[in-house]
Amino acid sequence: MSSRPLPKLINLVRGWPAPSLLASDLLSSAAQRVLSDPAILVPALQYGPDPGYQPLRESLAQWLGRHYGVKPDAERICISGGASQNLACILQSFTDPAFTRAVWMVAPCYHLACDIFKDSGFEGRLRAFPEDEEGVDLEALEESIRKLEEEQGKARDTTYKNPGKFRKHYRHVIYVVPTCANPSGKTMSLARRTGLVKLARKYDALIVCDDVYDCLQWPVGGDLRPPSEWPPEMKLPRLCDIDLAMGQAKDDPRGFGYAASNGSFSKMVGPGIRTGWVEGSPAFAFGLAQTGSTKSGGSPSQLCAAMMAQLIASGELENYLEKTVRPALQKRHMLMMDAIYKYLLPLGVSVRESGLLGAKIYGGYFVWLTLNGGVSARVVADKALREENLIVGSGDMFQVHGDEERLSFDNAIRLTYSWELEEDIVEGVRRLGDVLRKVKENPADWEQSAHRERDDVINFK
């Protein structure tokens with residue numbers, strides 16, 4: 001290892017918004033309005049109703065209905081404490097570790113969701129399924145579900161929990177990030193979205209969709225336009241809307257549906273707001289509001305929900321996304337891609353240029369690199385940290401816990417362009433190119449480092 005002083009630390013793993021993208025001024029103004037009006041501050045500071053702060057449910061319904069072209073319905077929405085907290089509540093209310101067969105996760109996956117599933121009793125039952133250029137591989141997923149059903153038969157038809165009359169237990173859970181996926185950056189095509197909903201209905205599966213990047217998209221190499229002028233491929237229907245449009249299934253007499261949209265304000269204004277929502281059928285939203293922790297403590301994030309209701313109703317949030325967040329992310333993505341073309345493509349690295357196959361759009365926070373020629377991403381990531389003070393996400397971080405052998409990603413690296421300074425994004429990619437060149441020249445010298453534990457980086461979003 002070189003004896004030269006290490007350069008400045010650059011972290012291209014951390015999936016956080018840069019400090020410049022935290023909406024402090026907006027939140028300060030909203031907080032002052034909420035706390036200066038007794039008609040707002042009293043309900044905002046009290047325990048909230050189980051489904052959440054009603055003005056936020058209504059403003060969200062109007063905004064999301066306009067964005068996706070669906071009829072606004074506040075009864076489809078339940079306010080949450082953010083996407084991660086809400087995933088845990090969904091599992092508490094709509095799964096049973098004895099009855100629910102498995103959790104199916106598209107791989108590469110959002111790795112931190114794995115522990116949420118394990119905490120809900122699904123240790124050893126997280127199953128990986130692949131994706132291709134168009135999104136989820138429906139044939140592979142259905143074949144795996146069918147085989148599991150044949151193996152288990154009715155052996156798991158007993159339950160530990162009683163769902164009561166307002167909830168149900170699903171036989172399977174399917175977890176996906178349909179738009180601007182973390183980590184791959186892919187956006188699932190309309191055909192695959194429709195096919196996935198049909199598959200869920202066939203096997204009594206609940207699709208949990210992290211729809212946290214839908215409003216953070218832009219044209220590749222084009223001018224930004226307001227969402228009202230977005231082309232259809234930038235406003236693909238959510239799976240919960242596709243499910244609703246299909247009508248109530250005959251095997252679903254209470255109308256819970258088979259898809260839930262998990263939304264969050266974390267990437268819009270700041271993760272510390274800890275406020276989000278779920279949208280599904282009215283029965284599903286009401287059932288989720290019956291989760292024990294919600295019934296006891298009231299709707300989560302009541303004060304922050306009141307602030308977000310102000311920002312949505314006034315149009316300030318949409319304007320902030322249009323004028324500040326999307327332009328900044330588009331520029332950051334462009335800088336990273338230009339650096340990848342300059343420093344990595346000549347070394348045989350391949351990268352996805354558009355999130356949606358056949359379209360020139362991108363979004364979210366992440367770029368997924370494929371290393372060709374048998375180079376180990378774990379080796380590259382280890383050398384980058386030790387010699388260049390550069391943190392990158394090796395592909396093995398994003399394998400499904402407990403099912404790593406099914407789909408391996410030691411040939412891939414995830415980079416994040418949302419966190420570091422713009423100049424450090426470029427510098428980080430340049431350093432990665434230097435590391436990759438050295439590893440390709442002497443791979444044996446670094447092979448043993450691939451097995452070293454790197455727990456210091458795996459917990460970044």
# chains A, B, ... in the order shown; residues from 1 in each chain; ligands from 1
call {"tool": "residues_around", "arguments": {"residues": "Met307 (chain A)", "least_positions_apart": "4", "cutoff": "10 Å", "atoms": "only C-alpha atoms", "output": "list in words"}}
result
Leu26, Leu27, Ser28, Ser29, Ala30, Ala31, Gln32, Arg33, Val34, Leu35, Ile40, Ala44, Leu56, Ile273, Ser301, Gln302, Leu303, Leu311 and Ile312 of chain A
call {"tool": "select_by_dssp", "arguments": {"residues": "region 5-180 of chain A", "states": "alpha helix (DSSP H)", "output": "VMD selection string"}}
result
chain A and resid 24 to 36 38 to 45 54 to 68 83 to 94 113 to 117 138 to 152
call {"tool": "residues_around", "arguments": {"residues": "region 188-202 of chain A", "least_positions_apart": "6", "cutoff": "8 Å", "atoms": "only C-alpha atoms", "output": "PDB file with N, CA, C and O atoms, in the first residue's frame"}}
result
ATOM      1  N   GLU A 134     -35.870  -4.464 -18.549  1.00  0.00           N
ATOM      2  CA  GLU A 134     -37.209  -3.897 -18.486  1.00  0.00           C
ATOM      3  C   GLU A 134     -37.785  -3.894 -17.071  1.00  0.00           C
ATOM      4  O   GLU A 134     -38.864  -3.357 -16.841  1.00  0.00           O
ATOM      5  N   GLY A 135     -37.051  -4.477 -16.157  1.00  0.00           N
ATOM      6  CA  GLY A 135     -37.537  -4.541 -14.776  1.00  0.00           C
ATOM      7  C   GLY A 135     -37.606  -5.966 -14.276  1.00  0.00           C
ATOM      8  O   GLY A 135     -36.795  -6.817 -14.664  1.00  0.00           O
ATOM      9  N   VAL A 136     -38.582  -6.257 -13.416  1.00  0.00           N
ATOM     10  CA  VAL A 136     -38.661  -7.571 -12.785  1.00  0.00           C
ATOM     11  C   VAL A 136     -38.833  -8.667 -13.828  1.00  0.00           C
ATOM     12  O   VAL A 136     -39.527  -8.509 -14.829  1.00  0.00           O
ATOM     13  N   LEU A 138     -40.655 -11.557 -14.564  1.00  0.00           N
ATOM     14  CA  LEU A 138     -41.907 -12.152 -14.097  1.00  0.00           C
ATOM     15  C   LEU A 138     -41.888 -13.670 -14.191  1.00  0.00           C
ATOM     16  O   LEU A 138     -42.418 -14.359 -13.312  1.00  0.00           O
ATOM     17  N   GLU A 142     -42.491 -16.019 -10.928  1.00  0.00           N
ATOM     18  CA  GLU A 142     -43.628 -16.928 -10.835  1.00  0.00           C
ATOM     19  C   GLU A 142     -43.168 -18.374 -10.681  1.00  0.00           C
ATOM     20  O   GLU A 142     -43.763 -19.136  -9.918  1.00  0.00           O
ATOM     21  N   PRO A 178     -40.184   0.411  -7.982  1.00  0.00           N
ATOM     22  CA  PRO A 178     -40.509   0.395  -9.415  1.00  0.00           C
ATOM     23  C   PRO A 178     -39.877   1.506 -10.238  1.00  0.00           C
ATOM     24  O   PRO A 178     -39.585   1.311 -11.426  1.00  0.00           O
ATOM     25  N   THR A 179     -39.659   2.673  -9.638  1.00  0.00           N
ATOM     26  CA  THR A 179     -39.162   3.825 -10.383  1.00  0.00           C
ATOM     27  C   THR A 179     -37.827   4.284  -9.814  1.00  0.00           C
ATOM     28  O   THR A 179     -37.708   4.518  -8.610  1.00  0.00           O
ATOM     29  N   LEU A 236     -45.380   7.070 -15.142  1.00  0.00           N
ATOM     30  CA  LEU A 236     -45.975   5.744 -15.250  1.00  0.00           C
ATOM     31  C   LEU A 236     -46.878   5.490 -14.051  1.00  0.00           C
ATOM     32  O   LEU A 236     -46.590   5.923 -12.933  1.00  0.00           O
ATOM     33  N   PRO A 237     -47.981   4.796 -14.250  1.00  0.00           N
ATOM     34  CA  PRO A 237     -48.887   4.541 -13.125  1.00  0.00           C
ATOM     35  C   PRO A 237     -48.232   3.693 -12.052  1.00  0.00           C
ATOM     36  O   PRO A 237     -47.446   2.788 -12.331  1.00  0.00           O
ATOM     37  N   ARG A 238     -48.542   4.014 -10.818  1.00  0.00           N
ATOM     38  CA  ARG A 238     -48.080   3.182  -9.708  1.00  0.00           C
ATOM     39  C   ARG A 238     -48.801   1.840  -9.744  1.00  0.00           C
ATOM     40  O   ARG A 238     -49.902   1.709 -10.283  1.00  0.00           O
ATOM     41  N   LEU A 239     -48.198   0.845  -9.127  1.00  0.00           N
ATOM     42  CA  LEU A 239     -48.815  -0.473  -9.123  1.00  0.00           C
ATOM     43  C   LEU A 239     -50.128  -0.471  -8.350  1.00  0.00           C
ATOM     44  O   LEU A 239     -51.053  -1.209  -8.686  1.00  0.00           O
ATOM     45  N   ILE A 242     -52.721   0.652 -10.820  1.00  0.00           N
ATOM     46  CA  ILE A 242     -53.018  -0.423 -11.774  1.00  0.00           C
ATOM     47  C   ILE A 242     -53.933  -1.457 -11.118  1.00  0.00           C
ATOM     48  O   ILE A 242     -54.906  -1.922 -11.717  1.00  0.00           O
ATOM     49  N   ASP A 243     -53.627  -1.792  -9.874  1.00  0.00           N
ATOM     50  CA  ASP A 243     -54.440  -2.768  -9.140  1.00  0.00           C
ATOM     51  C   ASP A 243     -55.868  -2.259  -8.975  1.00  0.00           C
ATOM     52  O   ASP A 243     -56.839  -2.997  -9.191  1.00  0.00           O
ATOM     53  N   ALA A 249     -60.830  -7.920  -6.967  1.00  0.00           N
ATOM     54  CA  ALA A 249     -60.688  -9.332  -7.312  1.00  0.00           C
ATOM     55  C   ALA A 249     -61.731 -10.169  -6.577  1.00  0.00           C
ATOM     56  O   ALA A 249     -62.128  -9.864  -5.446  1.00  0.00           O
ATOM     57  N   TYR A 258     -53.888  -5.559  -3.784  1.00  0.00           N
ATOM     58  CA  TYR A 258     -52.654  -6.350  -3.820  1.00  0.00           C
ATOM     59  C   TYR A 258     -51.401  -5.510  -4.009  1.00  0.00           C
ATOM     60  O   TYR A 258     -50.326  -6.065  -4.241  1.00  0.00           O
ATOM     61  N   ALA A 259     -51.518  -4.183  -3.899  1.00  0.00           N
ATOM     62  CA  ALA A 259     -50.346  -3.327  -4.049  1.00  0.00           C
ATOM     63  C   ALA A 259     -50.489  -2.095  -3.176  1.00  0.00           C
ATOM     64  O   ALA A 259     -51.577  -1.523  -3.060  1.00  0.00           O
ATOM     65  N   LEU A 356     -35.444   4.065 -17.802  1.00  0.00           N
ATOM     66  CA  LEU A 356     -36.495   3.297 -18.473  1.00  0.00           C
ATOM     67  C   LEU A 356     -36.022   2.880 -19.854  1.00  0.00           C
ATOM     68  O   LEU A 356     -35.571   3.721 -20.648  1.00  0.00           O
ATOM     69  N   LEU A 357     -36.143   1.612 -20.149  1.00  0.00           N
ATOM     70  CA  LEU A 357     -35.709   1.089 -21.441  1.00  0.00           C
ATOM     71  C   LEU A 357     -36.452   1.793 -22.571  1.00  0.00           C
ATOM     72  O   LEU A 357     -37.674   1.907 -22.561  1.00  0.00           O
TER      73      LEU A 357
END
call {"tool": "residues_around", "arguments": {"residues": "region 403-417 of chain A", "least_positions_apart": "3", "cutoff": "7 Å", "atoms": "only C-alpha atoms", "output": "VMD selection string"}}
result
chain A and resid 12 to 15 126 to 128 183 332 to 333 336 365 to 372 375 to 378 392 to 396 399 to 400 420 425
call {"tool": "write_last_selection", "arguments": {"atoms": "C-alpha atoms", "output": "PDB file, in the first residue's frame"}}
result
ATOM      1  CA  LEU A  12     -20.081   7.778  -2.874  1.00  0.00           C
ATOM      2  CA  VAL A  13     -22.141   5.256  -0.895  1.00  0.00           C
ATOM      3  CA  ARG A  14     -24.153   7.599   1.313  1.00  0.00           C
ATOM      4  CA  GLY A  15     -27.651   7.958  -0.161  1.00  0.00           C
ATOM      5  CA  LEU A 126     -36.090 -13.663   2.035  1.00  0.00           C
ATOM      6  CA  ARG A 127     -35.979 -14.865  -1.566  1.00  0.00           C
ATOM      7  CA  ALA A 128     -34.132 -13.129  -4.403  1.00  0.00           C
ATOM      8  CA  PRO A 183     -29.561   0.444  -6.327  1.00  0.00           C
ATOM      9  CA  ARG A 332     -25.077  16.024 -10.313  1.00  0.00           C
ATOM     10  CA  HIS A 333     -26.077  13.011 -12.368  1.00  0.00           C
ATOM     11  CA  MET A 336     -21.069  11.806 -12.586  1.00  0.00           C
ATOM     12  CA  TYR A 365     -29.868   9.047  -6.436  1.00  0.00           C
ATOM     13  CA  PHE A 366     -27.875   6.134  -7.846  1.00  0.00           C
ATOM     14  CA  VAL A 367     -25.805   4.842 -10.760  1.00  0.00           C
ATOM     15  CA  TRP A 368     -25.090   1.108 -11.142  1.00  0.00           C
ATOM     16  CA  LEU A 369     -21.780   0.141 -12.741  1.00  0.00           C
ATOM     17  CA  THR A 370     -20.907  -3.256 -14.194  1.00  0.00           C
ATOM     18  CA  LEU A 371     -17.245  -4.265 -14.095  1.00  0.00           C
ATOM     19  CA  ASN A 372     -16.321  -6.543 -16.963  1.00  0.00           C
ATOM     20  CA  VAL A 375     -12.773  -7.953 -11.789  1.00  0.00           C
ATOM     21  CA  SER A 376     -14.118  -8.281  -8.236  1.00  0.00           C
ATOM     22  CA  ALA A 377     -16.079  -5.247  -7.042  1.00  0.00           C
ATOM     23  CA  ARG A 378     -15.266  -6.178  -3.446  1.00  0.00           C
ATOM     24  CA  VAL A 392     -18.142   3.020  -2.928  1.00  0.00           C
ATOM     25  CA  GLY A 393     -20.821   0.349  -2.682  1.00  0.00           C
ATOM     26  CA  SER A 394     -19.652  -3.049  -3.901  1.00  0.00           C
ATOM     27  CA  GLY A 395     -22.417  -5.123  -5.442  1.00  0.00           C
ATOM     28  CA  ASP A 396     -22.399  -7.768  -2.715  1.00  0.00           C
ATOM     29  CA  GLN A 399     -27.640  -9.095  -2.407  1.00  0.00           C
ATOM     30  CA  VAL A 400     -30.724 -10.423  -0.631  1.00  0.00           C
ATOM     31  CA  GLU A 420     -20.959  14.845  -1.997  1.00  0.00           C
ATOM     32  CA  ILE A 425     -18.352  13.582  -7.361  1.00  0.00           C
TER      33      ILE A 425
END
call {"tool": "closest_residue", "arguments": {"among": "A:Val349, A:Met397, A:Leu112, A:Ala285", "to": "Asp73 (chain A)", "atoms": "only C-alpha atoms"}}
result
A:Ala285
call {"tool": "residues_around", "arguments": {"residues": "Lys331 (chain A)", "least_positions_apart": "4", "cutoff": "12 Å", "atoms": "only C-alpha atoms", "output": "list of chain:residue names"}}
result
A:Gln217, A:Trp218, A:Pro219, A:Val220, A:Gly221, A:Gly222, A:Asp223, A:Leu224, A:Thr324, A:Val325, A:Arg326, A:Pro327, A:Leu335, A:Met336, A:Met337, A:Asp338, A:Tyr362, A:Gly363, A:Tyr365, A:Tyr417, A:Ser418, A:Leu421, A:Glu422, A:Glu423, A:Ile425, A:Val426
call {"tool": "atom_distance", "arguments": {"atom1": "CA of Ser299 (chain A)", "atom2": "CA of Gly272 (chain A)"}}
result
16.9 Å
